[in-house]
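Raw contents of start-v1.cif, mmCIF, C-alpha atoms (C1' of nucleotides):
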```
data_entry
loop_
_atom_site.label_atom_id
_atom_site.label_comp_id
_atom_site.auth_asym_id
_atom_site.auth_seq_id
_atom_site.Cartn_x
_atom_site.Cartn_y
_atom_site.Cartn_z
CA MET A 884 2.73 -23.03 25.51
CA ASP A 885 0.41 -20.69 27.22
CA VAL A 886 -3.28 -20.40 27.29
CA MET A 887 -3.92 -19.70 23.68
CA THR A 888 -1.55 -20.76 21.01
CA ASP A 889 -3.79 -19.58 18.30
CA SER A 890 -3.87 -15.88 17.90
CA GLN A 891 -1.26 -14.44 20.15
CA PRO A 892 0.11 -11.50 18.26
CA LYS A 893 3.71 -12.18 19.04
CA LEU A 894 6.12 -14.38 17.24
CA GLU A 895 9.15 -16.20 18.51
CA PRO A 896 12.41 -14.45 17.74
CA ALA A 897 13.42 -17.34 15.54
CA GLN A 898 10.22 -16.99 13.56
CA LEU A 899 10.71 -13.32 13.03
CA GLY A 900 14.33 -13.93 12.23
CA ALA A 901 13.47 -16.47 9.59
CA TYR A 902 10.89 -14.17 8.07
CA PHE A 903 13.05 -11.10 7.89
CA ALA A 904 16.10 -13.01 6.72
CA LEU A 905 14.07 -14.67 4.01
CA MET A 906 12.67 -11.45 2.68
CA GLU A 907 15.94 -9.62 2.83
CA VAL A 908 17.90 -12.39 1.17
CA ALA A 909 15.38 -12.67 -1.59
CA GLY A 910 15.32 -8.93 -2.09
CA LEU A 911 19.05 -8.49 -2.19
CA LEU A 912 19.51 -11.51 -4.40
CA ARG A 913 16.94 -10.25 -6.80
CA HIS A 914 18.65 -6.92 -6.91
CA GLY A 915 21.99 -8.46 -7.70
CA VAL A 916 20.64 -10.79 -10.29
CA GLU A 917 18.69 -8.00 -11.90
CA ALA A 918 21.76 -5.87 -12.36
CA GLN A 919 23.67 -8.74 -13.92
CA LEU A 920 20.87 -9.61 -16.30
CA ARG A 921 20.56 -6.05 -17.41
CA ASP A 922 24.24 -5.78 -18.12
CA ALA A 923 24.70 -9.15 -19.75
CA GLY A 924 21.61 -9.37 -21.89
CA ASP A 925 19.33 -6.42 -21.37
CA LEU A 926 16.72 -8.55 -19.67
CA SER A 927 14.61 -7.80 -16.64
CA TYR A 928 14.30 -10.40 -13.94
CA VAL A 929 10.79 -11.24 -15.02
CA GLN A 930 11.77 -11.59 -18.63
CA PHE A 931 14.59 -13.88 -17.67
CA GLN A 932 12.30 -16.01 -15.57
CA LEU A 933 9.89 -16.34 -18.43
CA LEU A 934 12.61 -17.31 -20.88
CA ALA A 935 14.09 -19.75 -18.39
CA ARG A 936 10.77 -21.37 -17.78
CA LEU A 937 10.20 -21.75 -21.48
CA GLY A 938 13.69 -22.72 -22.47
CA LEU A 939 14.76 -24.93 -19.62
CA ASP A 940 11.63 -26.25 -18.02
CA SER A 941 9.53 -27.06 -20.98
CA PRO A 942 10.40 -29.79 -23.48
CA THR A 943 8.44 -28.07 -26.20
CA GLY A 944 9.49 -24.54 -25.33
CA SER A 945 5.88 -23.53 -24.89
CA HIS A 946 3.55 -22.67 -22.06
CA ARG A 947 0.17 -21.16 -21.61
CA MET A 948 0.08 -17.64 -20.26
CA THR A 949 -1.64 -18.68 -17.08
CA ASP A 950 0.89 -21.36 -16.31
CA LEU A 951 3.62 -18.83 -16.72
CA ALA A 952 1.85 -16.37 -14.48
CA ASP A 953 1.48 -18.91 -11.74
CA GLY A 954 5.15 -19.65 -11.75
CA VAL A 955 6.31 -16.09 -11.84
CA VAL A 956 3.82 -14.71 -9.37
CA TYR A 957 3.10 -11.55 -11.26
CA SER A 958 -0.30 -10.35 -12.13
CA ARG A 959 -1.91 -11.36 -15.36
CA SER A 960 -1.72 -7.89 -16.77
CA GLY A 961 1.95 -7.62 -15.89
CA LEU A 962 2.58 -10.87 -17.66
CA THR A 963 0.80 -9.64 -20.76
CA TYR A 964 2.99 -6.55 -20.68
CA GLN A 965 6.23 -8.47 -20.36
CA ALA A 966 5.21 -11.04 -22.93
CA SER A 967 4.56 -8.22 -25.37
CA LEU A 968 8.00 -6.83 -24.75
CA LEU A 969 9.58 -10.22 -25.28
CA GLU A 970 7.61 -10.70 -28.44
CA GLN A 971 8.63 -7.30 -29.76
CA ALA A 972 12.22 -8.25 -29.06
CA GLY A 973 11.73 -11.44 -31.03
CA LEU A 974 12.56 -13.69 -28.12
CA VAL A 975 9.20 -15.40 -27.91
CA GLU A 976 6.19 -15.95 -30.12
CA ARG A 977 2.56 -15.97 -29.17
CA GLY A 978 0.03 -18.15 -30.85
CA PRO A 979 -3.30 -19.80 -30.25
CA ALA A 980 -3.47 -22.97 -28.25
CA PRO A 981 -4.46 -26.06 -30.19
CA ASP A 982 -7.31 -27.15 -28.00
CA ASP A 983 -8.52 -23.99 -26.35
CA GLU A 984 -9.16 -20.96 -28.43
CA ARG A 985 -8.96 -18.61 -25.47
CA SER A 986 -5.52 -19.61 -24.36
CA VAL A 987 -2.36 -18.13 -25.74
CA MET A 988 0.67 -20.33 -26.10
CA VAL A 989 3.97 -18.58 -25.62
CA THR A 990 6.91 -20.20 -27.36
CA ILE A 991 10.55 -19.35 -27.08
CA THR A 992 12.34 -18.60 -30.34
CA ASP A 993 15.85 -19.45 -31.35
CA ALA A 994 16.84 -15.91 -30.59
CA GLY A 995 15.30 -16.36 -27.18
CA ARG A 996 17.31 -19.48 -26.51
CA GLU A 997 20.38 -17.69 -27.66
CA ARG A 998 19.78 -14.78 -25.35
CA LEU A 999 19.13 -17.17 -22.52
CA ALA A 1000 22.39 -18.98 -23.14
CA GLN A 1001 24.10 -15.65 -23.28
CA VAL A 1002 23.08 -14.54 -19.82
CA LEU A 1003 22.95 -17.88 -18.03
CA PRO A 1004 26.62 -18.27 -17.15
CA GLY A 1005 26.76 -14.84 -15.58
CA HIS A 1006 23.53 -15.49 -13.81
CA VAL A 1007 24.85 -18.66 -12.27
CA GLU A 1008 28.00 -16.84 -11.36
CA VAL A 1009 26.09 -14.22 -9.42
CA LEU A 1010 24.09 -16.93 -7.74
CA ARG A 1011 27.21 -18.69 -6.60
CA GLU A 1012 28.85 -15.52 -5.46
CA MET A 1013 25.95 -13.97 -3.59
CA PHE A 1014 23.81 -16.86 -2.51
CA LEU A 1015 25.66 -20.15 -2.53
CA LYS A 1016 29.03 -19.05 -1.29
CA PRO A 1017 28.26 -19.06 2.42
CA LEU A 1018 26.43 -22.38 2.22
CA SER A 1019 27.78 -25.89 2.26
CA GLY A 1020 26.36 -28.56 0.01
CA ALA A 1021 24.41 -29.96 2.90
CA ASP A 1022 23.12 -26.51 3.74
CA VAL A 1023 21.76 -26.04 0.27
CA THR A 1024 20.03 -29.37 0.37
CA ALA A 1025 18.55 -28.59 3.75
CA LEU A 1026 17.40 -25.18 2.63
CA ALA A 1027 15.71 -26.58 -0.43
CA ALA A 1028 14.05 -29.23 1.66
CA LEU A 1029 12.75 -26.64 4.09
CA LEU A 1030 11.43 -24.24 1.49
CA ARG A 1031 9.81 -26.69 -0.83
CA PRO A 1032 6.93 -27.61 1.47
CA VAL A 1033 6.33 -23.95 2.19
CA ARG A 1034 6.14 -23.20 -1.48
CA ASP A 1035 3.79 -26.06 -2.11
CA HIS A 1036 1.62 -24.94 0.75
CA MET A 1037 1.48 -21.40 -0.56
CA ARG A 1038 0.76 -22.52 -4.06
CA SER A 1039 -2.24 -24.48 -3.02
CA SER A 1040 -3.96 -22.51 -0.33
CA PRO A 1041 -4.73 -19.24 -2.02
CA PRO A 1042 -5.80 -19.66 -5.61
CA ARG A 1043 -2.75 -17.74 -6.66
CA SER A 1044 -3.95 -16.46 -9.97
CA ALA A 1045 -7.66 -16.99 -9.71
CA LYS A 1046 -9.29 -14.60 -7.36
CA PRO A 1047 -12.91 -15.07 -6.58
CA ARG A 1048 -14.18 -12.97 -9.33
CA PRO A 1049 -17.07 -10.73 -8.46
CA ARG A 1050 -20.22 -12.08 -9.88
CA LYS A 1051 -21.01 -10.66 -13.22
CA GLY A 1052 -24.59 -10.02 -12.45
CA THR A 1053 -24.21 -7.45 -9.72
CA ALA A 1054 -27.69 -8.26 -8.69
CA SER A 1055 -27.71 -9.88 -5.32
CA SER A 1056 -30.76 -11.71 -6.45
CA ARG A 1057 -31.04 -15.25 -5.35
CA MET B 119 32.26 -32.26 -20.34
CA ASP B 120 33.38 -30.85 -17.11
CA VAL B 121 37.02 -30.20 -17.32
CA MET B 122 36.75 -27.09 -15.27
CA THR B 123 34.83 -26.98 -12.08
CA ASP B 124 35.08 -23.28 -11.70
CA SER B 125 32.80 -21.64 -14.11
CA GLN B 126 30.66 -24.46 -15.31
CA PRO B 127 27.38 -22.91 -16.08
CA LYS B 128 25.33 -25.62 -14.49
CA LEU B 129 24.10 -25.86 -10.97
CA GLU B 130 23.18 -28.87 -8.95
CA PRO B 131 19.47 -29.56 -8.92
CA ALA B 132 19.40 -28.89 -5.20
CA GLN B 133 21.01 -25.53 -5.74
CA LEU B 134 18.54 -24.55 -8.38
CA GLY B 135 15.75 -25.90 -6.24
CA ALA B 136 16.82 -23.81 -3.29
CA TYR B 137 17.10 -20.73 -5.45
CA PHE B 138 13.75 -21.04 -7.14
CA ALA B 139 11.97 -22.06 -3.98
CA LEU B 140 13.46 -19.12 -2.13
CA MET B 141 12.41 -16.60 -4.70
CA GLU B 142 8.97 -18.03 -5.13
CA VAL B 143 8.29 -18.28 -1.43
CA ALA B 144 9.42 -14.74 -0.88
CA GLY B 145 7.34 -13.50 -3.78
CA LEU B 146 4.18 -15.28 -2.77
CA LEU B 147 4.61 -14.33 0.85
CA ARG B 148 5.08 -10.74 -0.04
CA HIS B 149 1.99 -10.83 -2.15
CA GLY B 150 -0.07 -12.24 0.66
CA VAL B 151 1.28 -9.87 3.22
CA GLU B 152 0.75 -6.96 0.91
CA ALA B 153 -2.90 -7.74 0.47
CA GLN B 154 -3.44 -8.03 4.18
CA LEU B 155 -1.66 -4.79 4.94
CA ARG B 156 -3.68 -2.97 2.37
CA ASP B 157 -6.93 -4.25 3.77
CA ALA B 158 -6.11 -3.85 7.42
CA GLY B 159 -4.37 -0.52 7.43
CA ASP B 160 -3.96 0.85 3.95
CA LEU B 161 -0.22 0.36 4.04
CA SER B 162 2.11 -0.88 1.36
CA TYR B 163 4.68 -3.49 2.23
CA VAL B 164 7.45 -0.95 2.14
CA GLN B 165 5.57 1.45 4.33
CA PHE B 166 4.94 -1.29 6.82
CA GLN B 167 8.57 -2.27 6.85
CA LEU B 168 9.59 1.29 7.50
CA LEU B 169 7.13 1.69 10.32
CA ALA B 170 8.13 -1.65 11.80
CA ARG B 171 11.77 -0.74 11.68
CA LEU B 172 11.10 2.54 13.39
CA GLY B 173 8.56 1.35 15.87
CA LEU B 174 9.91 -2.03 16.84
CA ASP B 175 13.60 -2.00 16.11
CA SER B 176 14.60 1.38 17.30
CA PRO B 177 14.48 2.45 20.94
CA THR B 178 14.12 6.09 19.99
CA GLY B 179 11.75 5.52 17.09
CA SER B 180 14.15 7.28 14.75
CA HIS B 181 16.50 6.32 11.98
CA ARG B 182 18.46 8.02 9.30
CA MET B 183 17.15 7.65 5.79
CA THR B 184 20.16 5.72 4.63
CA ASP B 185 19.94 3.20 7.44
CA LEU B 186 16.35 2.63 6.54
CA ALA B 187 17.19 2.19 2.89
CA ASP B 188 19.81 -0.40 3.69
CA GLY B 189 17.38 -2.41 5.70
CA VAL B 190 14.59 -2.28 3.23
CA VAL B 191 16.65 -2.89 0.13
CA TYR B 192 14.87 -0.30 -1.93
CA SER B 193 16.48 2.45 -3.86
CA ARG B 194 17.11 5.77 -2.23
CA SER B 195 14.66 7.57 -4.43
CA GLY B 196 11.98 5.03 -3.68
CA LEU B 197 12.58 5.53 -0.02
CA THR B 198 12.22 9.28 -0.35
CA TYR B 199 8.95 8.71 -2.11
CA GLN B 200 7.55 6.38 0.50
CA ALA B 201 8.78 8.52 3.35
CA SER B 202 6.93 11.45 1.83
CA LEU B 203 3.77 9.42 1.68
CA LEU B 204 4.14 8.34 5.27
CA GLU B 205 4.77 11.90 6.32
CA GLN B 206 1.72 13.14 4.46
CA ALA B 207 -0.29 10.51 6.24
CA GLY B 208 1.08 11.75 9.53
CA LEU B 209 2.65 8.43 10.43
CA VAL B 210 6.23 9.67 10.55
CA GLU B 211 8.02 12.96 10.85
CA ARG B 212 11.16 14.06 9.14
CA GLY B 213 13.65 16.35 10.74
CA PRO B 214 17.30 17.28 10.64
CA ALA B 215 19.83 15.07 12.33
CA PRO B 216 21.50 16.60 15.35
CA ASP B 217 25.07 16.07 14.29
CA ASP B 218 24.90 15.96 10.53
CA GLU B 219 23.00 18.61 8.71
CA ARG B 220 22.73 16.51 5.55
CA SER B 221 21.02 13.58 7.15
CA VAL B 222 17.33 13.36 7.67
CA MET B 223 16.01 11.64 10.74
CA VAL B 224 12.74 9.86 10.29
CA THR B 225 10.71 9.43 13.44
CA ILE B 226 7.54 7.47 13.93
CA THR B 227 4.62 9.40 15.37
CA ASP B 228 1.99 8.21 17.79
CA ALA B 229 -0.36 7.80 14.89
CA GLY B 230 2.28 5.69 13.22
CA ARG B 231 2.60 3.45 16.24
CA GLU B 232 -1.12 3.16 16.36
CA ARG B 233 -1.34 2.16 12.74
CA LEU B 234 1.42 -0.33 13.25
CA ALA B 235 -0.36 -1.89 16.19
CA GLN B 236 -3.49 -1.97 14.12
CA VAL B 237 -2.03 -4.07 11.33
CA LEU B 238 0.44 -6.17 13.28
CA PRO B 239 -1.89 -8.89 14.52
CA GLY B 240 -3.23 -9.54 11.06
CA HIS B 241 0.24 -9.46 9.67
CA VAL B 242 1.39 -12.10 12.09
CA GLU B 243 -1.68 -14.10 11.29
CA VAL B 244 -0.87 -14.15 7.60
CA LEU B 245 2.68 -15.09 8.40
CA ARG B 246 1.57 -18.02 10.45
CA GLU B 247 -0.94 -19.13 7.92
CA MET B 248 1.16 -18.84 4.80
CA PHE B 249 4.70 -19.24 5.95
CA LEU B 250 4.97 -20.91 9.34
CA LYS B 251 2.20 -23.44 9.07
CA PRO B 252 4.11 -26.13 7.19
CA LEU B 253 7.19 -25.72 9.38
CA SER B 254 7.97 -27.20 12.74
CA GLY B 255 9.66 -25.19 15.45
CA ALA B 256 12.92 -26.87 14.66
CA ASP B 257 12.43 -26.16 10.98
CA VAL B 258 12.03 -22.47 11.62
CA THR B 259 15.14 -22.37 13.72
CA ALA B 260 17.08 -24.24 11.08
CA LEU B 261 15.80 -21.96 8.35
CA ALA B 262 16.77 -18.86 10.24
CA ALA B 263 20.19 -20.31 10.93
CA LEU B 264 20.70 -21.09 7.26
CA LEU B 265 19.57 -17.74 5.94
CA ARG B 266 21.31 -15.51 8.42
CA PRO B 267 24.84 -16.11 7.14
CA VAL B 268 23.65 -15.59 3.60
CA ARG B 269 22.10 -12.30 4.51
CA ASP B 270 25.22 -11.18 6.32
CA HIS B 271 27.32 -12.19 3.37
CA MET B 272 25.14 -10.26 0.97
CA ARG B 273 25.07 -7.23 3.17
CA SER B 274 28.78 -6.97 3.28
CA SER B 275 30.03 -7.85 -0.15
CA PRO B 276 28.40 -5.28 -2.38
CA PRO B 277 28.15 -1.86 -0.81
CA ARG B 278 24.42 -2.11 -1.12
CA SER B 279 23.59 1.53 -1.05
CA ALA B 280 26.86 3.10 -2.05
CA LYS B 281 27.57 2.60 -5.68
CA PRO B 282 30.84 3.82 -7.03
CA ARG B 283 29.63 7.19 -8.06
CA PRO B 284 30.95 8.41 -11.38
CA ARG B 285 33.46 11.12 -10.94
CA LYS B 286 32.02 14.54 -11.12
CA GLY B 287 34.66 15.87 -13.44
CA THR B 288 33.83 13.93 -16.55
CA ALA B 289 37.23 14.78 -17.89
CA SER B 290 39.30 11.68 -18.04
CA SER B 291 42.33 13.85 -17.75
CA ARG B 292 44.43 12.47 -15.04
"C1'" DT C 432 40.77 28.91 5.93
"C1'" DA C 433 40.08 27.87 0.95
"C1'" DG C 434 39.76 24.03 -2.18
"C1'" DC C 435 38.15 19.53 -3.37
"C1'" DA C 436 36.32 15.11 -3.12
"C1'" DC C 437 32.68 12.58 -0.72
"C1'" DT C 438 28.27 11.60 1.36
"C1'" DG C 439 23.05 12.23 2.11
"C1'" DC C 440 19.00 13.23 0.19
"C1'" DT C 441 15.76 14.89 -3.38
"C1'" DT C 442 14.01 15.72 -8.05
"C1'" DC C 443 13.00 14.08 -12.52
"C1'" DA C 444 11.60 11.31 -16.53
"C1'" DG C 445 10.76 6.82 -17.89
"C1'" DA C 446 9.60 2.06 -17.13
"C1'" DT C 447 7.03 -1.35 -14.65
"C1'" DT C 448 3.44 -2.83 -11.75
"C1'" DC C 449 -1.23 -3.65 -10.22
"C1'" DG C 450 -6.45 -4.15 -9.97
"C1'" DA C 451 -10.68 -3.37 -12.23
"C1'" DA C 452 -13.26 -3.73 -16.23
"C1'" DG C 453 -14.11 -5.82 -20.64
"C1'" DC C 454 -14.24 -9.20 -24.50
"C1'" DA C 455 -14.28 -13.81 -26.23
"C1'" DA C 456 -14.32 -18.84 -25.84
"C1'" DC C 457 -15.58 -22.86 -23.14
"C1'" DT C 458 -18.53 -25.90 -19.95
"C1'" DC C 459 -22.20 -27.38 -17.62
"C1'" DC C 460 -26.96 -28.33 -16.85
"C1'" DC C 461 -31.64 -28.47 -18.08
"C1'" DG D 60 -29.15 -26.73 -28.16
"C1'" DG D 61 -29.57 -22.56 -25.34
"C1'" DG D 62 -28.35 -19.71 -21.61
"C1'" DA D 63 -25.75 -18.73 -17.56
"C1'" DG D 64 -21.66 -18.89 -15.28
"C1'" DT D 65 -16.56 -19.58 -15.68
"C1'" DT D 66 -12.08 -19.03 -17.44
"C1'" DG D 67 -8.15 -16.83 -20.34
"C1'" DC D 68 -6.30 -12.92 -21.77
"C1'" DT D 69 -5.98 -7.91 -22.85
"C1'" DT D 70 -6.79 -2.94 -22.21
"C1'" DC D 71 -6.86 0.93 -19.23
"C1'" DG D 72 -5.66 4.36 -15.66
"C1'" DA D 73 -3.30 5.16 -11.59
"C1'" DA D 74 0.34 4.17 -8.41
"C1'" DT D 75 4.99 2.88 -7.59
"C1'" DC D 76 9.86 1.94 -8.48
"C1'" DT D 77 14.29 2.96 -10.56
"C1'" DG D 78 18.76 5.21 -12.10
"C1'" DA D 79 20.80 9.41 -13.33
"C1'" DA D 80 21.52 14.04 -12.31
"C1'" DG D 81 21.61 17.74 -9.03
"C1'" DC D 82 21.94 20.38 -4.61
"C1'" DA D 83 23.81 20.99 -0.14
"C1'" DG D 84 26.63 19.87 3.99
"C1'" DT D 85 31.14 17.54 5.68
"C1'" DG D 86 35.81 16.34 6.18
"C1'" DC D 87 40.43 16.38 4.70
"C1'" DT D 88 44.55 18.79 3.19
"C1'" DA D 89 47.69 22.35 2.29
#
```
Represent the structure from my file as structure tokens, please.
Amino acid sequence: MDVMTDSQPKLEPAQLGAYFALMEVAGLLRHGVEAQLRDAGDLSYVQFQLLARLGLDSPTGSHRMTDLADGVVYSRSGLTYQASLLEQAGLVERGPAPDDERSVMVTITDAGRERLAQVLPGHVEVLREMFLKPLSGADVTALAALLRPVRDHMRSSPPRSAKPRPRKGTASSR
Amino acid sequence: MDVMTDSQPKLEPAQLGAYFALMEVAGLLRHGVEAQLRDAGDLSYVQFQLLARLGLDSPTGSHRMTDLADGVVYSRSGLTYQASLLEQAGLVERGPAPDDERSVMVTITDAGRERLAQVLPGHVEVLREMFLKPLSGADVTALAALLRPVRDHMRSSPPRSAKPRPRKGTASSR
DNA sequence: TAGCACTGCTTCAGATTCGAAGCAACTCCC
DNA sequence: GGGAGTTGCTTCGAATCTGAAGCAGTGCTA
């Protein structure tokens, strides 16, 4: 529009509106879902996401830790923590990966599937009530179509779970 | 299979897609923004949101605690915590409200405005880079238009910050 | 005006989160 | 095959978030 389109510090109202609405919707939705999950099955949102990813997404019911972390956004250490909790609760099992000794395969157990089935209907209900209610079928499709490219873009540009690790040898040599 | 359309526990793929994409985009975006804010001005996301709300949204630069909490989604106690931190840092001031002795008015200070101005350009930059880049102008408008009604719906249905407080008198007696 | 329920905020203990550091397995290149 | 660098996960300490409980001011009613 004007001289420089590159770094002007202001955003269009629509851009700001989209940003704030997005963050607020996600926050409120997460809050609502979290409460339901706690009531229905004593699961945190993260734990539910992990179970869902294992139980619904994966044919084998297994995933590597890193793959799970990438999907759920959380830090590696946070994932380790939650995976431990799930394992203690008997909802998942952790074992070595067949082809890479470093990796840990997380597998959902029958109890895990059961728990998942137990909370899913209520989860969907909350989703419908809070999120989907004010949207038409076309709206939902449009929304998904708009967000998907953004997600893909975000996934690729910053190495989400692999930060440039500081060189081991602190020496600046070479 | 689907005798009843009301409570069937399954969602359309588009619905699930919209849901997951929404949550993941919001999560990744928040992550990115958080890192930038920390680097540029040593602010957490919440602290930034509070400052932004005070400095940009409000003509007077003041808000009641509760109004802030509603906008930022977080729990009341979390807000108290963050407000304390901001006050310690000299970025806001807390004082009594003129007409209600219970309320606490939070006001942004000059230092707060300065800090806000300091991080804003970078913040916008991250937003553009992560969030707005894959979207056309029309896309952004459409996205905002789709999310706004959802946000309004969520804001109204559950009294977000006013939970039905358990009666003081535990006695169930009449 | 006294009594009583309600609202606004804070305090508190516990749970969850993160980044940095560390250990072990893998890969590449000579 | 040996060594260096890389990757996968865990441990650790510190910061943050949350819900429940508590204190104080307000408004309504008799």
Practice prompt. Evaluate the PyMOL selection byres ((chain B and resi 235) around 12) and record the selected residues as a ChimeraX atom specification, following the chain and residue labels used in the document.
Written response: /A:892-893 /B:155,158-159,166,169-170,173-174,228-234,236-242
Fill in: 10 Å contacts from chain D to chain A using only C-alpha atoms (C1' of nucleotides), as a PyMOL selection string
chain D and resi 64-70
Kindly compute an axis-aligned box around the listed atoms of region 66-79 of chain D, allowing 6 Å on each side, and express its centre and edge lengths in Å to one decimal as lines of an AutoDock Vina configuration file.
```
center_x = 4.4
center_y = -4.8
center_z = -15.2
size_x = 44.9
size_y = 40.4
size_z = 27.3
```
Give one line per residue of chain C that approaches chain A to at most 10 Å, naming the two atoms of the closest pair and their distance in Å to one decimal, counting all atoms listed in the file; sort by chain then ascending residue number and deliver it as a tab-separated table.
```
residue	atom	partner	partner_atom	distance
C:DT447	C1'	A:Gly961	CA	8.2
C:DT448	C1'	A:Gly961	CA	6.5
C:DC449	C1'	A:Ser958	CA	7.0
C:DG450	C1'	A:Ser958	CA	9.0
C:DA455	C1'	A:Arg985	CA	7.2
C:DA456	C1'	A:Arg985	CA	5.4
C:DC457	C1'	A:Asp983	CA	7.8
```
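In the superposition of chain A on chain B, with all Cα atoms paired by position, the RMSD stands at 1.0 Å.
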Practice prompt. Using CA of Leu1026 (chain A) and CA of Leu933 (chain A) as the two end points, give the distance in Å to one decimal.
Written response: 24.0 Å
Discussion item. Using the chain letters and numbers from this file, what does the PyMOL selection byres ((chain A) within 8 of (chain B)) select? Give the answer as a ChimeraX atom specification.
Written reply: /A:890-894,897-898,900-902,904-912,954-956,1003-1004,1007-1008,1013-1015,1017-1018,1022-1024,1026-1034,1036-1037
Restricted to C-alpha atoms, what would the selected residues look like written as a CSV table (one decimal), in the coordinates of the input?
```
chain,number,residue,atom,x,y,z
A,890,SER,CA,-3.9,-15.9,17.9
A,891,GLN,CA,-1.3,-14.4,20.2
A,892,PRO,CA,0.1,-11.5,18.3
A,893,LYS,CA,3.7,-12.2,19.0
A,894,LEU,CA,6.1,-14.4,17.2
A,897,ALA,CA,13.4,-17.3,15.5
A,898,GLN,CA,10.2,-17.0,13.6
A,900,GLY,CA,14.3,-13.9,12.2
A,901,ALA,CA,13.5,-16.5,9.6
A,902,TYR,CA,10.9,-14.2,8.1
A,904,ALA,CA,16.1,-13.0,6.7
A,905,LEU,CA,14.1,-14.7,4.0
A,906,MET,CA,12.7,-11.4,2.7
A,907,GLU,CA,15.9,-9.6,2.8
A,908,VAL,CA,17.9,-12.4,1.2
A,909,ALA,CA,15.4,-12.7,-1.6
A,910,GLY,CA,15.3,-8.9,-2.1
A,911,LEU,CA,19.0,-8.5,-2.2
A,912,LEU,CA,19.5,-11.5,-4.4
A,954,GLY,CA,5.2,-19.6,-11.8
A,955,VAL,CA,6.3,-16.1,-11.8
A,956,VAL,CA,3.8,-14.7,-9.4
A,1003,LEU,CA,23.0,-17.9,-18.0
A,1004,PRO,CA,26.6,-18.3,-17.2
A,1007,VAL,CA,24.8,-18.7,-12.3
A,1008,GLU,CA,28.0,-16.8,-11.4
A,1013,MET,CA,26.0,-14.0,-3.6
A,1014,PHE,CA,23.8,-16.9,-2.5
A,1015,LEU,CA,25.7,-20.2,-2.5
A,1017,PRO,CA,28.3,-19.1,2.4
A,1018,LEU,CA,26.4,-22.4,2.2
A,1022,ASP,CA,23.1,-26.5,3.7
A,1023,VAL,CA,21.8,-26.0,0.3
A,1024,THR,CA,20.0,-29.4,0.4
A,1026,LEU,CA,17.4,-25.2,2.6
A,1027,ALA,CA,15.7,-26.6,-0.4
A,1028,ALA,CA,14.0,-29.2,1.7
A,1029,LEU,CA,12.8,-26.6,4.1
A,1030,LEU,CA,11.4,-24.2,1.5
A,1031,ARG,CA,9.8,-26.7,-0.8
A,1032,PRO,CA,6.9,-27.6,1.5
A,1033,VAL,CA,6.3,-24.0,2.2
A,1034,ARG,CA,6.1,-23.2,-1.5
A,1036,HIS,CA,1.6,-24.9,0.8
A,1037,MET,CA,1.5,-21.4,-0.6
```
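One distance worth recording is that between CA of Ala972 (chain A) and CA of Leu937 (chain A), which is 15.6 Å.
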